[in-house]
file data31.pdb (PDB, C-alpha atoms, pLDDT in the B column)
ATOM      1  CA  MET X   1      -5.184  79.926 247.667  1.00 46.00           C
ATOM      2  CA  SER X   2      -2.355  78.537 245.544  1.00 45.00           C
ATOM      3  CA  MET X   3      -2.467  81.680 243.345  1.00 42.00           C
ATOM      4  CA  ASN X   4      -1.823  83.828 246.452  1.00 44.00           C
ATOM      5  CA  ILE X   5       1.183  81.668 247.362  1.00 41.00           C
ATOM      6  CA  VAL X   6       2.588  82.067 243.853  1.00 36.00           C
ATOM      7  CA  ARG X   7       2.079  85.853 243.997  1.00 38.00           C
ATOM      8  CA  PHE X   8       3.686  85.986 247.440  1.00 36.00           C
ATOM      9  CA  ALA X   9       6.682  83.950 246.181  1.00 36.00           C
ATOM     10  CA  ILE X  10       7.064  86.251 243.186  1.00 38.00           C
ATOM     11  CA  VAL X  11       6.935  89.372 245.376  1.00 33.00           C
ATOM     12  CA  ILE X  12       9.508  87.912 247.796  1.00 38.00           C
ATOM     13  CA  SER X  13      11.756  86.903 244.890  1.00 39.00           C
ATOM     14  CA  VAL X  14      11.608  90.381 243.350  1.00 34.00           C
ATOM     15  CA  VAL X  15      12.278  92.056 246.696  1.00 35.00           C
ATOM     16  CA  CYS X  16      15.264  89.773 247.281  1.00 38.00           C
ATOM     17  CA  MET X  17      16.648  90.385 243.811  1.00 39.00           C
ATOM     18  CA  LEU X  18      16.393  94.131 244.340  1.00 37.00           C
ATOM     19  CA  ALA X  19      17.357  94.421 248.003  1.00 39.00           C
ATOM     20  CA  CYS X  20      19.828  91.609 248.686  1.00 41.00           C
ATOM     21  CA  PRO X  21      22.602  92.982 246.471  1.00 43.00           C
ATOM     22  CA  LEU X  22      22.440  96.230 248.446  1.00 40.00           C
ATOM     23  CA  PHE X  23      23.589  94.381 251.555  1.00 40.00           C
ATOM     24  CA  SER X  24      26.282  92.237 249.954  1.00 41.00           C
ATOM     25  CA  PRO X  25      29.955  92.871 250.809  1.00 45.00           C
ATOM     26  CA  GLN X  26      30.591  93.789 247.170  1.00 42.00           C
ATOM     27  CA  ALA X  27      27.894  96.444 247.191  1.00 40.00           C
ATOM     28  CA  GLN X  28      29.115  97.871 250.482  1.00 43.00           C
ATOM     29  CA  ALA X  29      32.681  98.025 249.118  1.00 42.00           C
ATOM     30  CA  GLU X  30      31.677  99.639 245.810  1.00 43.00           C
ATOM     31  CA  PRO X  31      32.243 103.275 246.868  1.00 45.00           C
ATOM     32  CA  ALA X  32      35.805 102.393 247.919  1.00 42.00           C
ATOM     33  CA  ARG X  33      36.382 100.566 244.624  1.00 36.00           C
ATOM     34  CA  ALA X  34      35.711 103.713 242.637  1.00 45.00           C
ATOM     35  CA  THR X  35      39.325 104.751 243.256  1.00 49.00           C
ATOM     36  CA  GLU X  36      40.525 101.281 242.219  1.00 61.00           C
ATOM     37  CA  LYS X  37      38.851 101.577 238.823  1.00 61.00           C
ATOM     38  CA  PRO X  38      40.318 104.827 237.533  1.00 63.00           C
ATOM     39  CA  ASP X  39      39.045 106.341 234.318  1.00 71.00           C
ATOM     40  CA  HIS X  40      42.385 107.979 233.565  1.00 79.00           C
ATOM     41  CA  ASN X  41      46.066 107.091 233.377  1.00 88.00           C
ATOM     42  CA  GLY X  42      48.192 107.008 236.487  1.00 90.00           C
ATOM     43  CA  PRO X  43      51.322 109.015 237.268  1.00 93.00           C
ATOM     44  CA  TYR X  44      53.810 106.942 235.231  1.00 95.00           C
ATOM     45  CA  THR X  45      54.676 107.156 231.540  1.00 96.00           C
ATOM     46  CA  ALA X  46      55.269 103.898 229.670  1.00 97.00           C
ATOM     47  CA  GLY X  47      58.517 103.242 227.882  1.00 96.00           C
ATOM     48  CA  TRP X  48      59.139  99.964 226.095  1.00 97.00           C
ATOM     49  CA  ARG X  49      61.895  97.772 224.794  1.00 96.00           C
ATOM     50  CA  PHE X  50      62.136  94.639 222.674  1.00 97.00           C
ATOM     51  CA  GLU X  51      64.087  91.582 223.736  1.00 95.00           C
ATOM     52  CA  SER X  52      64.424  87.993 222.655  1.00 93.00           C
ATOM     53  CA  PHE X  53      63.836  84.922 224.750  1.00 92.00           C
ATOM     54  CA  LYS X  54      64.897  81.373 223.899  1.00 92.00           C
ATOM     55  CA  GLY X  55      63.650  78.576 226.099  1.00 89.00           C
ATOM     56  CA  SER X  56      66.155  75.808 226.791  1.00 91.00           C
ATOM     57  CA  SER X  57      64.042  73.249 224.934  1.00 85.00           C
ATOM     58  CA  LYS X  58      63.342  75.452 221.902  1.00 88.00           C
ATOM     59  CA  ALA X  59      64.978  75.834 218.507  1.00 89.00           C
ATOM     60  CA  TYR X  60      63.421  79.290 218.090  1.00 90.00           C
ATOM     61  CA  TYR X  61      63.394  82.660 219.823  1.00 90.00           C
ATOM     62  CA  ASN X  62      60.319  84.389 221.189  1.00 90.00           C
ATOM     63  CA  THR X  63      60.009  88.160 220.968  1.00 93.00           C
ATOM     64  CA  LEU X  64      59.301  90.055 224.174  1.00 95.00           C
ATOM     65  CA  LYS X  65      57.942  93.575 224.354  1.00 96.00           C
ATOM     66  CA  ILE X  66      58.530  94.951 227.816  1.00 96.00           C
ATOM     67  CA  PHE X  67      56.625  98.031 228.967  1.00 97.00           C
ATOM     68  CA  TYR X  68      57.932  99.802 232.067  1.00 97.00           C
ATOM     69  CA  PRO X  69      57.625 103.118 233.956  1.00 97.00           C
ATOM     70  CA  ALA X  70      59.880 105.529 232.091  1.00 96.00           C
ATOM     71  CA  ALA X  71      60.950 109.138 231.789  1.00 95.00           C
ATOM     72  CA  SER X  72      59.284 109.376 228.366  1.00 96.00           C
ATOM     73  CA  ALA X  73      56.915 107.413 226.135  1.00 95.00           C
ATOM     74  CA  ALA X  74      59.528 106.015 223.796  1.00 96.00           C
ATOM     75  CA  GLU X  75      61.363 102.858 222.870  1.00 96.00           C
ATOM     76  CA  ASN X  76      64.392 102.271 225.139  1.00 96.00           C
ATOM     77  CA  ALA X  77      63.450 105.287 227.282  1.00 96.00           C
ATOM     78  CA  THR X  78      65.231 105.854 230.585  1.00 95.00           C
ATOM     79  CA  ALA X  79      63.500 103.962 233.387  1.00 95.00           C
ATOM     80  CA  ASN X  80      61.654 105.867 236.110  1.00 96.00           C
ATOM     81  CA  LEU X  81      62.568 104.064 239.346  1.00 95.00           C
ATOM     82  CA  THR X  82      60.357 106.243 241.548  1.00 94.00           C
ATOM     83  CA  GLY X  83      58.243 103.778 243.515  1.00 94.00           C
ATOM     84  CA  ALA X  84      60.185 100.724 242.270  1.00 95.00           C
ATOM     85  CA  PRO X  85      60.202  97.782 242.454  1.00 95.00           C
ATOM     86  CA  PHE X  86      56.955  97.231 240.564  1.00 95.00           C
ATOM     87  CA  PRO X  87      54.648  94.207 240.199  1.00 95.00           C
ATOM     88  CA  THR X  88      55.424  92.447 236.925  1.00 95.00           C
ATOM     89  CA  ILE X  89      52.726  90.971 234.691  1.00 94.00           C
ATOM     90  CA  ILE X  90      53.405  88.527 231.840  1.00 94.00           C
ATOM     91  CA  MET X  91      50.773  88.875 229.132  1.00 93.00           C
ATOM     92  CA  LEU X  92      50.122  86.291 226.434  1.00 89.00           C
ATOM     93  CA  PRO X  93      48.415  87.371 223.193  1.00 87.00           C
ATOM     94  CA  PHE X  94      45.354  85.824 221.567  1.00 84.00           C
ATOM     95  CA  MET X  95      45.743  83.112 218.898  1.00 82.00           C
ATOM     96  CA  THR X  96      47.944  84.410 216.070  1.00 82.00           C
ATOM     97  CA  GLY X  97      48.510  87.644 218.012  1.00 84.00           C
ATOM     98  CA  ASN X  98      51.985  89.104 218.427  1.00 88.00           C
ATOM     99  CA  VAL X  99      53.732  91.359 220.932  1.00 90.00           C
ATOM    100  CA  GLU X 100      51.943  94.446 219.589  1.00 92.00           C
ATOM    101  CA  VAL X 101      48.429  93.347 220.645  1.00 90.00           C
ATOM    102  CA  TYR X 102      48.641  95.031 224.058  1.00 91.00           C
ATOM    103  CA  ASN X 103      49.971  98.389 222.804  1.00 93.00           C
ATOM    104  CA  SER X 104      46.878 100.151 224.173  1.00 92.00           C
ATOM    105  CA  ASN X 105      46.409  98.117 227.383  1.00 91.00           C
ATOM    106  CA  ALA X 106      49.985  97.785 228.627  1.00 94.00           C
ATOM    107  CA  PRO X 107      50.755 101.535 228.860  1.00 95.00           C
ATOM    108  CA  VAL X 108      47.658 102.037 231.030  1.00 93.00           C
ATOM    109  CA  MET X 109      48.793  99.256 233.362  1.00 93.00           C
ATOM    110  CA  VAL X 110      52.290 100.731 233.471  1.00 95.00           C
ATOM    111  CA  SER X 111      50.840 104.152 234.245  1.00 95.00           C
ATOM    112  CA  TRP X 112      49.650 102.711 237.561  1.00 93.00           C
ATOM    113  CA  GLY X 113      53.063 101.277 238.466  1.00 94.00           C
ATOM    114  CA  MET X 114      53.533  97.902 236.788  1.00 95.00           C
ATOM    115  CA  VAL X 115      56.008  96.287 234.435  1.00 96.00           C
ATOM    116  CA  VAL X 116      54.246  94.426 231.607  1.00 96.00           C
ATOM    117  CA  VAL X 117      56.087  91.733 229.653  1.00 95.00           C
ATOM    118  CA  VAL X 118      54.275  90.707 226.468  1.00 95.00           C
ATOM    119  CA  PHE X 119      55.467  87.230 225.502  1.00 92.00           C
ATOM    120  CA  GLY X 120      55.370  86.586 221.762  1.00 89.00           C
ATOM    121  CA  VAL X 121      53.943  83.077 221.663  1.00 85.00           C
ATOM    122  CA  ASN X 122      55.040  80.905 218.743  1.00 85.00           C
ATOM    123  CA  TRP X 123      51.588  79.861 217.527  1.00 80.00           C
ATOM    124  CA  ASN X 124      53.157  77.287 215.166  1.00 85.00           C
ATOM    125  CA  ASP X 125      54.175  75.473 218.359  1.00 86.00           C
ATOM    126  CA  ALA X 126      51.126  76.506 220.377  1.00 78.00           C
ATOM    127  CA  SER X 127      50.984  73.509 222.699  1.00 80.00           C
ATOM    128  CA  ASN X 128      54.639  73.891 223.662  1.00 82.00           C
ATOM    129  CA  SER X 129      55.312  77.645 223.470  1.00 83.00           C
ATOM    130  CA  ALA X 130      54.979  79.604 226.742  1.00 86.00           C
ATOM    131  CA  ASN X 131      54.885  76.385 228.756  1.00 87.00           C
ATOM    132  CA  PRO X 132      55.761  76.314 232.492  1.00 91.00           C
ATOM    133  CA  THR X 133      59.459  75.714 231.748  1.00 92.00           C
ATOM    134  CA  ASP X 134      59.502  78.711 229.403  1.00 92.00           C
ATOM    135  CA  LEU X 135      57.790  80.896 231.991  1.00 93.00           C
ATOM    136  CA  ASN X 136      60.247  79.891 234.737  1.00 94.00           C
ATOM    137  CA  GLU X 137      63.184  80.531 232.407  1.00 95.00           C
ATOM    138  CA  LEU X 138      61.665  83.872 231.366  1.00 94.00           C
ATOM    139  CA  LEU X 139      61.371  84.889 235.027  1.00 96.00           C
ATOM    140  CA  ASN X 140      65.019  83.841 235.520  1.00 95.00           C
ATOM    141  CA  GLN X 141      66.021  86.068 232.575  1.00 95.00           C
ATOM    142  CA  LEU X 142      63.975  88.989 233.923  1.00 95.00           C
ATOM    143  CA  GLU X 143      65.416  88.577 237.426  1.00 95.00           C
ATOM    144  CA  THR X 144      68.947  88.587 236.008  1.00 95.00           C
ATOM    145  CA  GLU X 145      68.173  91.797 234.106  1.00 95.00           C
ATOM    146  CA  ASN X 146      66.605  93.250 237.259  1.00 94.00           C
ATOM    147  CA  GLN X 147      69.932  92.723 239.072  1.00 95.00           C
ATOM    148  CA  THR X 148      72.310  93.673 236.236  1.00 94.00           C
ATOM    149  CA  GLY X 149      73.933  97.078 236.646  1.00 92.00           C
ATOM    150  CA  GLY X 150      73.200  99.379 233.704  1.00 90.00           C
ATOM    151  CA  HIS X 151      70.343  97.279 232.319  1.00 90.00           C
ATOM    152  CA  LYS X 152      67.140  99.211 231.494  1.00 88.00           C
ATOM    153  CA  LEU X 153      65.187  96.963 233.866  1.00 91.00           C
ATOM    154  CA  GLN X 154      67.641  97.127 236.776  1.00 94.00           C
ATOM    155  CA  GLY X 155      65.702  97.516 240.012  1.00 95.00           C
ATOM    156  CA  MET X 156      62.309  97.691 238.252  1.00 94.00           C
ATOM    157  CA  MET X 157      60.690  94.336 239.113  1.00 94.00           C
ATOM    158  CA  ASP X 158      59.297  93.102 242.398  1.00 94.00           C
ATOM    159  CA  LYS X 159      60.158  89.398 242.538  1.00 89.00           C
ATOM    160  CA  SER X 160      57.286  88.786 244.954  1.00 88.00           C
ATOM    161  CA  GLY X 161      54.738  90.393 242.632  1.00 79.00           C
ATOM    162  CA  TYR X 162      54.563  88.322 239.425  1.00 94.00           C
ATOM    163  CA  GLY X 163      51.260  87.832 237.646  1.00 93.00           C
ATOM    164  CA  ILE X 164      50.131  86.440 234.313  1.00 93.00           C
ATOM    165  CA  SER X 165      47.226  87.285 232.035  1.00 92.00           C
ATOM    166  CA  GLY X 166      46.057  87.068 228.465  1.00 90.00           C
ATOM    167  CA  ILE X 167      43.158  87.310 226.075  1.00 89.00           C
ATOM    168  CA  SER X 168      41.371  84.347 224.495  1.00 89.00           C
ATOM    169  CA  ALA X 169      43.913  81.593 223.732  1.00 87.00           C
ATOM    170  CA  GLY X 170      46.552  83.635 225.582  1.00 86.00           C
ATOM    171  CA  GLY X 171      44.260  83.774 228.602  1.00 88.00           C
ATOM    172  CA  ALA X 172      43.795  80.012 228.483  1.00 89.00           C
ATOM    173  CA  LYS X 173      47.569  79.468 228.163  1.00 86.00           C
ATOM    174  CA  SER X 174      48.181  81.848 231.058  1.00 89.00           C
ATOM    175  CA  VAL X 175      45.885  79.822 233.337  1.00 90.00           C
ATOM    176  CA  ILE X 176      47.129  76.427 232.161  1.00 89.00           C
ATOM    177  CA  ALA X 177      50.868  77.182 232.250  1.00 90.00           C
ATOM    178  CA  GLY X 178      50.852  79.800 235.014  1.00 90.00           C
ATOM    179  CA  ARG X 179      49.424  77.452 237.622  1.00 91.00           C
ATOM    180  CA  TYR X 180      52.615  75.381 237.479  1.00 92.00           C
ATOM    181  CA  VAL X 181      54.935  78.315 238.084  1.00 92.00           C
ATOM    182  CA  SER X 182      55.221  78.914 241.820  1.00 91.00           C
ATOM    183  CA  ARG X 183      56.609  82.452 241.406  1.00 92.00           C
ATOM    184  CA  ILE X 184      53.430  83.599 239.621  1.00 90.00           C
ATOM    185  CA  ALA X 185      51.036  84.698 242.336  1.00 87.00           C
ATOM    186  CA  ALA X 186      48.147  86.072 240.288  1.00 79.00           C
TER     187      ALA X 186
END
call {"tool": "encode", "arguments": {"input": "data31.pdb", "output": "structure tokens"}}
result
Amino acid sequence: MSMNIVRFAIVISVVCMLACPLFSPQAQAEPARATEKPDHNGPYTAGWRFESFKGSSKAYYNTLKIFYPAASAAENATANLTGAPFPTIIMLPFMTGNVEVYNSNAPVMVSWGMVVVVFGVNWNDASNSANPTDLNELLNQLETENQTGGHKLQGMMDKSGYGISGISAGGAKSVIAGRYVSRIAA
């Protein structure tokens, strides 16, 4: 008798493992998500520019590499404002990584209508670099550029659409520091 109960429990468990995911909200939404997970670049071309950032409490400058929708794939290319303003994502590199680590990822994100700001973390000052004060001051700098006539980033950034991300140590820093910056929504 107990062997039949065990078999019955196993059969029910297998059926649930196979059938239950079919009825979950995620499974039902999957066909719609196919368009949200494109396997190709979007309509925008990524240009990029380098800038420096110096936090008010720092004795050093951080390098920024800013990727944005542009007329051509080139450094300091003319911005493409079609569809602007765009969500802006700050990306922090992995430990010892620099602003070049997202050279393959950032253009894909930009191609779908985003501005990507790669923050060159000073890994010699890892616990203090890219802290919440730095991130707030960086957003202030970006917002000033967004409003400055003639600047490459003028009109590009949506102030209500800031996000932050990273890989490995940069991902950890993005979660730890980003949670204290009220303007970062994702």
call {"tool": "closest_residue", "arguments": {"input": "data31.pdb", "among": "X:Pro69, X:Pro132, X:Gly163, X:Gly120", "to": "Glu51 of chain X", "atoms": "all atoms listed in the file"}}
result
X:Gly120
call {"tool": "resolve_selection", "arguments": {"input": "data31.pdb", "expression": "the PyMOL selection byres ((chain X and resi 164) around 8)", "output": "list in words"}}
result
Ile89, Ile90, Met91, Leu92, Tyr162, Gly163, Ser165, Gly166, Ser174, Val175, Gly178, Ile184 and Ala186 of chain X
call {"tool": "residues_around", "arguments": {"input": "data31.pdb", "residues": "Ala126 of chain X", "least_positions_apart": "5", "cutoff": "12 Å", "atoms": "all atoms listed in the file", "output": "short mmCIF file (atom, residue, chain, number, x, y, z; two decimals) with C-alpha atoms, in the frame of the given file"}}
result
data_model
loop_
_atom_site.label_atom_id
_atom_site.label_comp_id
_atom_site.auth_asym_id
_atom_site.auth_seq_id
_atom_site.Cartn_x
_atom_site.Cartn_y
_atom_site.Cartn_z
CA LEU X 92 50.12 86.29 226.43
CA PRO X 93 48.42 87.37 223.19
CA PHE X 94 45.35 85.82 221.57
CA MET X 95 45.74 83.11 218.90
CA THR X 96 47.94 84.41 216.07
CA GLY X 97 48.51 87.64 218.01
CA GLY X 120 55.37 86.59 221.76
CA VAL X 121 53.94 83.08 221.66
CA ASN X 131 54.88 76.39 228.76
CA ALA X 169 43.91 81.59 223.73
CA GLY X 170 46.55 83.64 225.58
CA ALA X 172 43.80 80.01 228.48
CA LYS X 173 47.57 79.47 228.16
CA ALA X 177 50.87 77.18 232.25
#
call {"tool": "closest_residue", "arguments": {"input": "data31.pdb", "among": "X:Thr148, X:Thr133, X:Ser168, X:Asn122", "to": "Ala59 of chain X", "atoms": "all atoms listed in the file"}}
result
X:Asn122
call {"tool": "closest_residue", "arguments": {"input": "data31.pdb", "among": "X:Pro43, X:Pro85, X:Gly171, X:Gly113", "to": "Leu153 of chain X", "atoms": "only C-alpha atoms"}}
result
X:Pro85
call {"tool": "closest_residue", "arguments": {"input": "data31.pdb", "among": "X:Asn98, X:Val118, X:Glu143, X:Thr45", "to": "Lys65 of chain X", "atoms": "all atoms listed in the file"}}
result
X:Val118
call {"tool": "resolve_selection", "arguments": {"input": "data31.pdb", "expression": "the PyMOL selection byres ((chain X and resi 103) around 12)", "output": "number ranges by chain"}}
result
X: 46-48, 65-67, 73, 91, 93, 97-102, 104-110, 116-118
call {"tool": "write_last_selection", "arguments": {"input": "data31.pdb", "atoms": "C-alpha atoms", "output": "PDB file, keeping the file's coordinate frame"}}
result
ATOM      1  CA  ALA X  46      55.269 103.898 229.670  1.00 97.00           C
ATOM      2  CA  GLY X  47      58.517 103.242 227.882  1.00 96.00           C
ATOM      3  CA  TRP X  48      59.139  99.964 226.095  1.00 97.00           C
ATOM      4  CA  LYS X  65      57.942  93.575 224.354  1.00 96.00           C
ATOM      5  CA  ILE X  66      58.530  94.951 227.816  1.00 96.00           C
ATOM      6  CA  PHE X  67      56.625  98.031 228.967  1.00 97.00           C
ATOM      7  CA  ALA X  73      56.915 107.413 226.135  1.00 95.00           C
ATOM      8  CA  MET X  91      50.773  88.875 229.132  1.00 93.00           C
ATOM      9  CA  PRO X  93      48.415  87.371 223.193  1.00 87.00           C
ATOM     10  CA  GLY X  97      48.510  87.644 218.012  1.00 84.00           C
ATOM     11  CA  ASN X  98      51.985  89.104 218.427  1.00 88.00           C
ATOM     12  CA  VAL X  99      53.732  91.359 220.932  1.00 90.00           C
ATOM     13  CA  GLU X 100      51.943  94.446 219.589  1.00 92.00           C
ATOM     14  CA  VAL X 101      48.429  93.347 220.645  1.00 90.00           C
ATOM     15  CA  TYR X 102      48.641  95.031 224.058  1.00 91.00           C
ATOM     16  CA  SER X 104      46.878 100.151 224.173  1.00 92.00           C
ATOM     17  CA  ASN X 105      46.409  98.117 227.383  1.00 91.00           C
ATOM     18  CA  ALA X 106      49.985  97.785 228.627  1.00 94.00           C
ATOM     19  CA  PRO X 107      50.755 101.535 228.860  1.00 95.00           C
ATOM     20  CA  VAL X 108      47.658 102.037 231.030  1.00 93.00           C
ATOM     21  CA  MET X 109      48.793  99.256 233.362  1.00 93.00           C
ATOM     22  CA  VAL X 110      52.290 100.731 233.471  1.00 95.00           C
ATOM     23  CA  VAL X 116      54.246  94.426 231.607  1.00 96.00           C
ATOM     24  CA  VAL X 117      56.087  91.733 229.653  1.00 95.00           C
ATOM     25  CA  VAL X 118      54.275  90.707 226.468  1.00 95.00           C
TER      26      VAL X 118
END
call {"tool": "closest_residue", "arguments": {"input": "data31.pdb", "among": "X:Leu64, X:Trp112, X:Ala70, X:Gln147", "to": "Asn41 of chain X", "atoms": "all atoms listed in the file"}}
result
X:Trp112
